[in-house]
Amino acid sequence: MASGAEAYTRGATAPAILACGALLAVLGAIVYIAGRPIASDDLWWHLRMGEVYATEGLSLDRDPLVHTTSSRPPIPHEWLFQVALHGLDRNLGLYALRVLHGTAVVVIMALAFSTFRRTAAGLPAAALATAVFGALSWYRLIQLRPGLLSIVFVLLLYRLVLARPDLLSWRTALAILGLFVVWANAHSVFAVGLALLLAACAGALLRWGLPDGSARGSAVALGRRRRLLELASLLVAATLITGLNPRGFWQHITFFQYSRESAMWFIEDDWQVFHPLVPLVDNPALSLTSWVLADALLVALCVAIAISLGRAWRRRQGDPAVDIDPEHLALALAGVVAMITTIRFHWLCIFPLLYVLRWLDREVRSGSVSFGRLGWMAALASVGVAVAFPRGNGLQAFADEVAASGGGYFEPAYLEDRYGDGARRFLSETALEGRIFNPYYLGGFLAYWHAPRLKTFIDGRMDHYPREVYRDYQSIANASGRGASRQLATLLDARNVDVFIAVDQPGERYANLRMAAGIRQLRSWVRVYQSHHLAIYLRRAPVNELNLFRVMAYYRERDLPFDRQTGLDVAAITEAAPTWAFENDLLSRDHAVQVAALQSDDPGERLRAHRILGERLWRIGSYEWQVEIDSRVLGMRPDLRGPWLRVIDGLFHLGRTEQALDLARLLYEQDPEDPEVAALYTRIEGSLSAREHRRRAQDGSALAVPR
């Protein structure tokens with residue numbers, strides 16, 4: 001039987017091919033998502049702030065993008081990343097950012113693989129470790145944010161400093177210090193690098209304190225002491241030199257300074273705590289598959305540490321540090337602490353993986369583990385990760401989003417349907433001004449195209465906002481989504497909002513993006529734009545008269561019907577200008593197909609077309625046709641709840657309030673525990689006057705579904 005060392009030279013071709021093929025599958029899936037038309041919501045405000053910093057400098061008196069914290073100057077803790085990205089966008093365009101993003105993912109995965117390959121017990125184990133790293137880090141990798149730089153910098157820090165057994169050269173030390181200067185100006189997470197150096201110092205101190213089988217004054221002990229002093233000196237120098245940034249040493253406590261008072265902890269896909277014994281629910285950043293992988297890694301790390309400590313304890317001669325591997329043990333524990341603290345740092349699984357791989361390497365070289373058996377186990381595990389990763393993390397939804405956006409994978413620069421490109425053009429062509437209420441994910445996109453002419457309510461810079469801003473945002477979004485118009489009006493008045501952007505996305509595509517019900521009911525707001533999933537409303541107020549004039553001029557120039565009192569008449573526009581309706585996203589791309597299917601000979605296809613059109617017409621507010629279509633659906637399937645709710649809501653918006661209330665009461669009496677039914681019934685009942693309630697109490701009666 002071959003020894004571990006001999007097995008290394010012979011290799012294991014079949015397991016290596018299998019494991020590397022599985023790794024390529026994981027890499028291909030991540031690169032496909034990262035390189036798709038831009039969908040990184042935070043990228044937009046990074047680009048806009050980069051332009052502001054490049055043209056106006058880093059010292060700003062007011063926030064140029066949002067109105068809720070306009071008196072609070074922005075914090076330039078990522079200015080270098082933002083300015084660099086803006087320069088690329090300005091000179092090469094948004095398509096170049098797609099290429100950059102895909103390339104960055106390939107570089108990161110290649111760096112991780114080569115790092116693991118240097119310490120792994122063979123190629124299959126290195127491929128497995130890289131696949132696990134990708135599966136735990138994918139949510140960070142698919143977003144073009146400064147976090148990508150931090151991952152690269154951590155890998156370089158490890159390769160250049162932490163992995164080196166020998167002392168550093170002056171060139172390497174200067175290169176690392178230069179890296180820290182760039183890092184401190186590009187991302188506030190540079191403090192992770194300082195923390196890793198501190199962990200390495202702790203490991204070096206432990207190594208220095210362990211007996212080495214010779215006198216403490218031996219060359220071995222001297223080398224350990226010099227290594228400890230070198231790491232400590234580098235830590236001090238890096239801490240000092242990272243003060244070369246616009247905020248000086250305040251930059252070092254950015255996280256602690258703003259985490260106490262900002263709304264950053266509300267972002268669950270960034271800052272949620274990882275519980276190894278309790279899987280997260282409905283968090284895209286850590287699916288059940290990723291949770292299982294993270295737990296498996298922690299178990300493997302515990303096994304590796306336990307066996308290593310046991311062997312070091314039993315070692316009678318020689319150096320116990322060979323078994324314990326103190327520096328990598330300290331780095332692995334630091335990585336675990338970061339992973340448990342928040343799922344945002346699951347990419348620091350790099351260090352637990354490195355410790356496990358180095359332990360396996362020692363086991364194989366000592367002959368305790370068969371290299372061939374280990375290779376096959378790693379290869380099969382890699383295939384398991386490759387199979388589970390796409391399905392377990394819902395990657396098909398990303399492909400579906402690209403398909404729904406139109407233009408294919410390569411043509412558009414960004415996902416036009418996601419960001420409402422028709423609304424972007426409308427806001428640009430009408431040159432509206434004022435304060436916007438916007439969905440959270442749209443804040444950066446709107447700022448990129450329209451700030452400071454239009455300032456948003458919120459964007460992804462959650463460390464910039466007091467918590468009350470996010471609470472107000474949630475209250476407004478929830479009130480509008482539930483149809484609580486009175487509460488909504490009060491909240492919008494308090495924040496002096498001029499323009500309301502209401503998104504009403506299908507629940508199967510985007511969760512919690514239904515905020516059109518309440519704003520539709522407010523007579524103090526007029527609808528001025530509508531697409532198949534997004535509407536724009538203007539406040540009726542003297543301050544908005546110029547905006548309303550601009551809207552009227554926009555529709556007059558295009559010979560489209562618009563009334564300043566009733567607002568946009570969707571049915572009239574789709575009838576008068578169907579081509580314009582398609583080009584401006586008012587009607588979906590397959591609208592004609594669904595209309596034709598209404599007359600299909602296949603009952604199933606006919607029902608499906610009616611249901612699709614009923615929901616789409618309800619979303620765009622074409623209530624006359626929607627009520628007719630959904631009433632036909634109920635004639636075919638009276639048990640369907642969705643069409644009932646839409647018919648009632650449509651009747652209510654058409655002014656047929658009593659008929660809507662009668663139907664709502666019937667539905668409520670059948671299922672009083674249904675929150676949507678209860679909310680709809682309460683909303684319609686609350687709209688009736690006291691006189692109407694008294695009259696209905698005398699002679700009101702339930703009406704049938706309209707035909």
# chains A, B, ... in the order shown; residues from 1 in each chain; ligands from 1
>>> residues_around(residues="stretch 79-93 of chain A", least_positions_apart="5", cutoff="9 Å", atoms="only C-alpha atoms", output="number ranges by chain")
A: 43, 45-54, 58, 145-146, 149, 182-183, 185-187, 413
>>> select_by_dssp(residues="stretch 348-480 of chain A", states="strand (DSSP E)", output="list of chain:residue names")
A:Gly434, A:Arg435, A:Ile436, A:Phe437, A:Leu454, A:Lys455
>>> closest_residue(among="A:Arg461, A:Phe437, A:Leu415, A:Ala664", to="A:Gln474", atoms="only C-alpha atoms")
A:Phe437
>>> select_by_dssp(residues="stretch 250-453 of chain A", states="helix (DSSP H, G or I)", output="PyMOL selection string")
chain A and resi 250-259+264-266+268-271+288-314+321-324+326-341+343-365+371-392+395-405+416-419+421-430+440-450
>>> residues_around(residues="stretch 675-678 of chain A", least_positions_apart="5", cutoff="9 Å", atoms="only C-alpha atoms", output="list in words")
Arg482, Leu645, Ala664, Arg665, Leu667, Tyr668 and Arg683 of chain A
>>> closest_residue(among="A:Trp208, A:Ala199, A:Ala96, A:Tyr465", to="A:Ser71", atoms="only C-alpha atoms")
A:Tyr465
>>> closest_residue(among="A:Ile75, A:Ala120, A:Ala294, A:Val595", to="A:Ile340", atoms="only C-alpha atoms")
A:Ala294
>>> atom_distance(atom1="atom CA of A:Leu65", atom2="atom CA of A:Ile501")
16.0 Å
>>> atom_distance(atom1="atom CA of A:Asp41", atom2="atom CA of A:Tyr441")
5.8 Å
>>> atom_distance(atom1="atom CA of A:Phe190", atom2="atom CA of A:Val26")
27.8 Å
>>> residues_around(residues="stretch 127-135 of chain A", least_positions_apart="5", cutoff="8 Å", atoms="only C-alpha atoms", output="PDB file with N, CA and C atoms, in the first residue's frame")
ATOM      1  N   ALA A  19     -14.169  15.906  -9.207  1.00  0.00           N
ATOM      2  CA  ALA A  19     -14.296  17.028  -8.276  1.00  0.00           C
ATOM      3  C   ALA A  19     -14.163  18.363  -8.983  1.00  0.00           C
ATOM      4  N   CYS A  20     -13.208  18.459  -9.921  1.00  0.00           N
ATOM      5  CA  CYS A  20     -13.026  19.725 -10.642  1.00  0.00           C
ATOM      6  C   CYS A  20     -14.210  20.020 -11.550  1.00  0.00           C
ATOM      7  N   ALA A  22     -17.307  19.189 -10.873  1.00  0.00           N
ATOM      8  CA  ALA A  22     -18.350  19.687  -9.978  1.00  0.00           C
ATOM      9  C   ALA A  22     -18.081  21.136  -9.581  1.00  0.00           C
ATOM     10  N   LEU A  23     -16.813  21.440  -9.322  1.00  0.00           N
ATOM     11  CA  LEU A  23     -16.453  22.819  -8.979  1.00  0.00           C
ATOM     12  C   LEU A  23     -16.772  23.774 -10.117  1.00  0.00           C
ATOM     13  N   VAL A  26     -20.425  24.654 -10.065  1.00  0.00           N
ATOM     14  CA  VAL A  26     -20.743  25.666  -9.051  1.00  0.00           C
ATOM     15  C   VAL A  26     -20.264  27.038  -9.517  1.00  0.00           C
ATOM     16  N   LEU A  27     -19.042  27.095 -10.035  1.00  0.00           N
ATOM     17  CA  LEU A  27     -18.496  28.361 -10.522  1.00  0.00           C
ATOM     18  C   LEU A  27     -19.339  28.917 -11.664  1.00  0.00           C
ATOM     19  N   ILE A  30     -22.536  30.566 -10.378  1.00  0.00           N
ATOM     20  CA  ILE A  30     -22.306  31.856  -9.710  1.00  0.00           C
ATOM     21  C   ILE A  30     -21.940  32.928 -10.730  1.00  0.00           C
ATOM     22  N   MET A 109     -12.703  33.058  -7.004  1.00  0.00           N
ATOM     23  CA  MET A 109     -12.767  31.600  -6.911  1.00  0.00           C
ATOM     24  C   MET A 109     -11.426  30.971  -7.270  1.00  0.00           C
ATOM     25  N   ALA A 112      -9.133  31.445  -4.303  1.00  0.00           N
ATOM     26  CA  ALA A 112      -9.507  30.511  -3.237  1.00  0.00           C
ATOM     27  C   ALA A 112      -9.022  29.102  -3.567  1.00  0.00           C
ATOM     28  N   PHE A 113      -9.222  28.681  -4.813  1.00  0.00           N
ATOM     29  CA  PHE A 113      -8.803  27.329  -5.201  1.00  0.00           C
ATOM     30  C   PHE A 113      -7.291  27.164  -5.086  1.00  0.00           C
ATOM     31  N   PHE A 116      -6.351  26.916  -1.404  1.00  0.00           N
ATOM     32  CA  PHE A 116      -6.668  25.601  -0.854  1.00  0.00           C
ATOM     33  C   PHE A 116      -5.759  24.517  -1.437  1.00  0.00           C
ATOM     34  N   ARG A 117      -5.414  24.659  -2.706  1.00  0.00           N
ATOM     35  CA  ARG A 117      -4.590  23.648  -3.366  1.00  0.00           C
ATOM     36  C   ARG A 117      -3.209  23.552  -2.732  1.00  0.00           C
ATOM     37  N   SER A 290     -27.218  25.898   2.341  1.00  0.00           N
ATOM     38  CA  SER A 290     -26.028  26.583   2.847  1.00  0.00           C
ATOM     39  C   SER A 290     -25.892  26.415   4.351  1.00  0.00           C
ATOM     40  N   LEU A 293     -24.369  23.043   4.944  1.00  0.00           N
ATOM     41  CA  LEU A 293     -22.942  23.067   4.620  1.00  0.00           C
ATOM     42  C   LEU A 293     -22.138  23.777   5.706  1.00  0.00           C
ATOM     43  N   TRP A 347     -18.305  34.290   4.129  1.00  0.00           N
ATOM     44  CA  TRP A 347     -17.183  34.075   3.220  1.00  0.00           C
ATOM     45  C   TRP A 347     -15.879  33.869   3.984  1.00  0.00           C
ATOM     46  N   CYS A 349     -15.475  31.624   5.924  1.00  0.00           N
ATOM     47  CA  CYS A 349     -15.323  30.167   6.020  1.00  0.00           C
ATOM     48  C   CYS A 349     -13.987  29.728   5.419  1.00  0.00           C
ATOM     49  N   ILE A 350     -13.318  30.635   4.710  1.00  0.00           N
ATOM     50  CA  ILE A 350     -11.984  30.348   4.168  1.00  0.00           C
ATOM     51  C   ILE A 350     -11.080  29.744   5.239  1.00  0.00           C
ATOM     52  N   LEU A 353     -12.021  26.225   6.628  1.00  0.00           N
ATOM     53  CA  LEU A 353     -11.698  25.283   5.550  1.00  0.00           C
ATOM     54  C   LEU A 353     -10.191  25.028   5.476  1.00  0.00           C
ATOM     55  N   ALA A 378     -13.959  13.139  -1.326  1.00  0.00           N
ATOM     56  CA  ALA A 378     -14.018  14.567  -1.658  1.00  0.00           C
ATOM     57  C   ALA A 378     -14.700  14.786  -3.000  1.00  0.00           C
ATOM     58  N   ALA A 379     -14.423  13.896  -3.970  1.00  0.00           N
ATOM     59  CA  ALA A 379     -15.032  14.037  -5.292  1.00  0.00           C
ATOM     60  C   ALA A 379     -16.544  13.859  -5.223  1.00  0.00           C
ATOM     61  N   ALA A 381     -18.440  14.226  -2.580  1.00  0.00           N
ATOM     62  CA  ALA A 381     -19.007  15.354  -1.838  1.00  0.00           C
ATOM     63  C   ALA A 381     -19.101  16.590  -2.725  1.00  0.00           C
ATOM     64  N   SER A 382     -18.113  16.788  -3.594  1.00  0.00           N
ATOM     65  CA  SER A 382     -18.149  17.927  -4.530  1.00  0.00           C
ATOM     66  C   SER A 382     -19.334  17.826  -5.469  1.00  0.00           C
ATOM     67  N   VAL A 385     -22.430  18.824  -3.582  1.00  0.00           N
ATOM     68  CA  VAL A 385     -22.558  20.287  -3.468  1.00  0.00           C
ATOM     69  C   VAL A 385     -23.031  20.884  -4.785  1.00  0.00           C
ATOM     70  N   ALA A 386     -22.451  20.409  -5.897  1.00  0.00           N
ATOM     71  CA  ALA A 386     -22.819  20.949  -7.212  1.00  0.00           C
ATOM     72  C   ALA A 386     -24.277  20.680  -7.545  1.00  0.00           C
ATOM     73  N   PHE A 389     -26.509  22.813  -4.743  1.00  0.00           N
ATOM     74  CA  PHE A 389     -26.335  24.268  -4.698  1.00  0.00           C
ATOM     75  C   PHE A 389     -27.367  25.036  -5.524  1.00  0.00           C
TER      76      PHE A 389
END
>>> decode(residues="stretch 159-207 of chain A", atoms="N, CA and C atoms", output="mmCIF file, in the first residue's frame")
data_model
loop_
_atom_site.group_PDB
_atom_site.id
_atom_site.type_symbol
_atom_site.label_atom_id
_atom_site.label_comp_id
_atom_site.auth_asym_id
_atom_site.auth_seq_id
_atom_site.Cartn_x
_atom_site.Cartn_y
_atom_site.Cartn_z
ATOM 1 N N ARG A 159 -2.176 34.920 1.621
ATOM 2 C CA ARG A 159 -1.122 34.384 0.755
ATOM 3 C C ARG A 159 0.218 35.061 1.002
ATOM 4 N N LEU A 160 0.199 36.372 1.215
ATOM 5 C CA LEU A 160 1.450 37.122 1.327
ATOM 6 C C LEU A 160 2.039 37.127 2.732
ATOM 7 N N VAL A 161 1.186 36.986 3.747
ATOM 8 C CA VAL A 161 1.674 37.128 5.126
ATOM 9 C C VAL A 161 1.348 35.899 5.969
ATOM 10 N N LEU A 162 0.068 35.595 6.122
ATOM 11 C CA LEU A 162 -0.354 34.624 7.121
ATOM 12 C C LEU A 162 0.050 33.202 6.780
ATOM 13 N N ALA A 163 0.205 32.893 5.503
ATOM 14 C CA ALA A 163 0.558 31.529 5.101
ATOM 15 C C ALA A 163 2.056 31.311 5.010
ATOM 16 N N ARG A 164 2.832 32.376 5.127
ATOM 17 C CA ARG A 164 4.291 32.258 4.930
ATOM 18 C C ARG A 164 4.957 31.765 6.211
ATOM 19 N N PRO A 165 5.730 30.671 6.130
ATOM 20 C CA PRO A 165 6.446 30.204 7.321
ATOM 21 C C PRO A 165 7.702 31.023 7.612
ATOM 22 N N ASP A 166 8.231 31.679 6.564
ATOM 23 C CA ASP A 166 9.459 32.440 6.740
ATOM 24 C C ASP A 166 9.139 33.910 7.023
ATOM 25 N N LEU A 167 10.164 34.670 7.350
ATOM 26 C CA LEU A 167 9.980 36.080 7.658
ATOM 27 C C LEU A 167 9.720 36.879 6.386
ATOM 28 N N LEU A 168 9.010 37.995 6.540
ATOM 29 C CA LEU A 168 8.634 38.811 5.392
ATOM 30 C C LEU A 168 9.815 39.646 4.916
ATOM 31 N N SER A 169 9.840 39.880 3.619
ATOM 32 C CA SER A 169 10.799 40.838 3.076
ATOM 33 C C SER A 169 10.223 42.243 3.214
ATOM 34 N N TRP A 170 11.088 43.243 3.089
ATOM 35 C CA TRP A 170 10.616 44.624 3.165
ATOM 36 C C TRP A 170 9.631 44.927 2.046
ATOM 37 N N ARG A 171 9.864 44.367 0.867
ATOM 38 C CA ARG A 171 8.959 44.621 -0.266
ATOM 39 C C ARG A 171 7.566 44.078 0.024
ATOM 40 N N THR A 172 7.533 42.866 0.573
ATOM 41 C CA THR A 172 6.226 42.281 0.893
ATOM 42 C C THR A 172 5.515 43.083 1.967
ATOM 43 N N ALA A 173 6.266 43.499 2.988
ATOM 44 C CA ALA A 173 5.662 44.289 4.066
ATOM 45 C C ALA A 173 5.101 45.607 3.544
ATOM 46 N N LEU A 174 5.856 46.276 2.677
ATOM 47 C CA LEU A 174 5.381 47.539 2.105
ATOM 48 C C LEU A 174 4.168 47.313 1.206
ATOM 49 N N ALA A 175 4.183 46.199 0.456
ATOM 50 C CA ALA A 175 3.030 45.888 -0.404
ATOM 51 C C ALA A 175 1.779 45.672 0.436
ATOM 52 N N ILE A 176 1.904 44.974 1.566
ATOM 53 C CA ILE A 176 0.758 44.735 2.438
ATOM 54 C C ILE A 176 0.251 46.040 3.042
ATOM 55 N N LEU A 177 1.143 46.908 3.450
ATOM 56 C CA LEU A 177 0.724 48.194 4.011
ATOM 57 C C LEU A 177 0.027 49.041 2.951
ATOM 58 N N GLY A 178 0.534 48.994 1.713
ATOM 59 C CA GLY A 178 -0.149 49.702 0.628
ATOM 60 C C GLY A 178 -1.536 49.134 0.383
ATOM 61 N N LEU A 179 -1.654 47.807 0.471
ATOM 62 C CA LEU A 179 -2.967 47.169 0.324
ATOM 63 C C LEU A 179 -3.923 47.656 1.400
ATOM 64 N N PHE A 180 -3.433 47.799 2.628
ATOM 65 C CA PHE A 180 -4.294 48.257 3.716
ATOM 66 C C PHE A 180 -4.748 49.700 3.504
ATOM 67 N N VAL A 181 -3.894 50.534 2.940
ATOM 68 C CA VAL A 181 -4.292 51.918 2.674
ATOM 69 C C VAL A 181 -5.438 51.948 1.663
ATOM 70 N N VAL A 182 -5.293 51.185 0.582
ATOM 71 C CA VAL A 182 -6.364 51.110 -0.420
ATOM 72 C C VAL A 182 -7.634 50.553 0.211
ATOM 73 N N TRP A 183 -7.481 49.512 0.982
ATOM 74 C CA TRP A 183 -8.616 48.845 1.618
ATOM 75 C C TRP A 183 -9.376 49.800 2.537
ATOM 76 N N ALA A 184 -8.645 50.575 3.327
ATOM 77 C CA ALA A 184 -9.279 51.491 4.283
ATOM 78 C C ALA A 184 -10.072 52.587 3.592
ATOM 79 N N ASN A 185 -9.751 52.903 2.352
ATOM 80 C CA ASN A 185 -10.477 53.932 1.603
ATOM 81 C C ASN A 185 -11.545 53.355 0.680
ATOM 82 N N ALA A 186 -11.551 52.028 0.544
ATOM 83 C CA ALA A 186 -12.507 51.395 -0.358
ATOM 84 C C ALA A 186 -13.644 50.690 0.371
ATOM 85 N N HIS A 187 -13.403 50.253 1.618
ATOM 86 C CA HIS A 187 -14.437 49.503 2.332
ATOM 87 C C HIS A 187 -14.134 49.538 3.824
ATOM 88 N N SER A 188 -15.134 49.855 4.629
ATOM 89 C CA SER A 188 -14.917 49.942 6.070
ATOM 90 C C SER A 188 -14.647 48.584 6.699
ATOM 91 N N VAL A 189 -14.870 47.513 5.957
ATOM 92 C CA VAL A 189 -14.611 46.169 6.478
ATOM 93 C C VAL A 189 -13.112 45.863 6.487
ATOM 94 N N PHE A 190 -12.277 46.840 6.149
ATOM 95 C CA PHE A 190 -10.826 46.646 6.243
ATOM 96 C C PHE A 190 -10.419 46.214 7.650
ATOM 97 N N ALA A 191 -11.260 46.537 8.653
ATOM 98 C CA ALA A 191 -10.949 46.140 10.025
ATOM 99 C C ALA A 191 -10.885 44.623 10.171
ATOM 100 N N VAL A 192 -11.513 43.886 9.252
ATOM 101 C CA VAL A 192 -11.395 42.430 9.261
ATOM 102 C C VAL A 192 -9.938 42.021 9.088
ATOM 103 N N GLY A 193 -9.213 42.729 8.228
ATOM 104 C CA GLY A 193 -7.801 42.434 8.032
ATOM 105 C C GLY A 193 -7.003 42.634 9.304
ATOM 106 N N LEU A 194 -7.303 43.713 10.032
ATOM 107 C CA LEU A 194 -6.615 43.945 11.307
ATOM 108 C C LEU A 194 -6.962 42.853 12.311
ATOM 109 N N ALA A 195 -8.223 42.424 12.318
ATOM 110 C CA ALA A 195 -8.635 41.363 13.235
ATOM 111 C C ALA A 195 -7.928 40.047 12.910
ATOM 112 N N LEU A 196 -7.736 39.766 11.628
ATOM 113 C CA LEU A 196 -7.034 38.539 11.248
ATOM 114 C C LEU A 196 -5.563 38.603 11.646
ATOM 115 N N LEU A 197 -4.946 39.774 11.501
ATOM 116 C CA LEU A 197 -3.567 39.920 11.965
ATOM 117 C C LEU A 197 -3.479 39.714 13.477
ATOM 118 N N LEU A 198 -4.472 40.228 14.205
ATOM 119 C CA LEU A 198 -4.497 40.042 15.656
ATOM 120 C C LEU A 198 -4.635 38.560 16.001
ATOM 121 N N ALA A 199 -5.516 37.856 15.277
ATOM 122 C CA ALA A 199 -5.676 36.414 15.508
ATOM 123 C C ALA A 199 -4.381 35.675 15.210
ATOM 124 N N ALA A 200 -3.714 36.061 14.124
ATOM 125 C CA ALA A 200 -2.438 35.422 13.793
ATOM 126 C C ALA A 200 -1.406 35.678 14.878
ATOM 127 N N CYS A 201 -1.406 36.877 15.461
ATOM 128 C CA CYS A 201 -0.499 37.171 16.577
ATOM 129 C C CYS A 201 -0.792 36.250 17.761
ATOM 130 N N ALA A 202 -2.088 36.042 18.047
ATOM 131 C CA ALA A 202 -2.453 35.145 19.149
ATOM 132 C C ALA A 202 -1.954 33.731 18.869
ATOM 133 N N GLY A 203 -2.096 33.281 17.626
ATOM 134 C CA GLY A 203 -1.599 31.960 17.264
ATOM 135 C C GLY A 203 -0.082 31.869 17.366
ATOM 136 N N ALA A 204 0.609 32.925 16.922
ATOM 137 C CA ALA A 204 2.074 32.936 17.006
ATOM 138 C C ALA A 204 2.538 32.948 18.458
ATOM 139 N N LEU A 205 1.790 33.648 19.320
ATOM 140 C CA LEU A 205 2.122 33.659 20.741
ATOM 141 C C LEU A 205 1.965 32.267 21.337
ATOM 142 N N LEU A 206 0.888 31.572 20.944
ATOM 143 C CA LEU A 206 0.684 30.207 21.413
ATOM 144 C C LEU A 206 1.809 29.295 20.930
ATOM 145 N N ARG A 207 2.191 29.427 19.674
ATOM 146 C CA ARG A 207 3.276 28.604 19.141
ATOM 147 C C ARG A 207 4.580 28.868 19.903
#
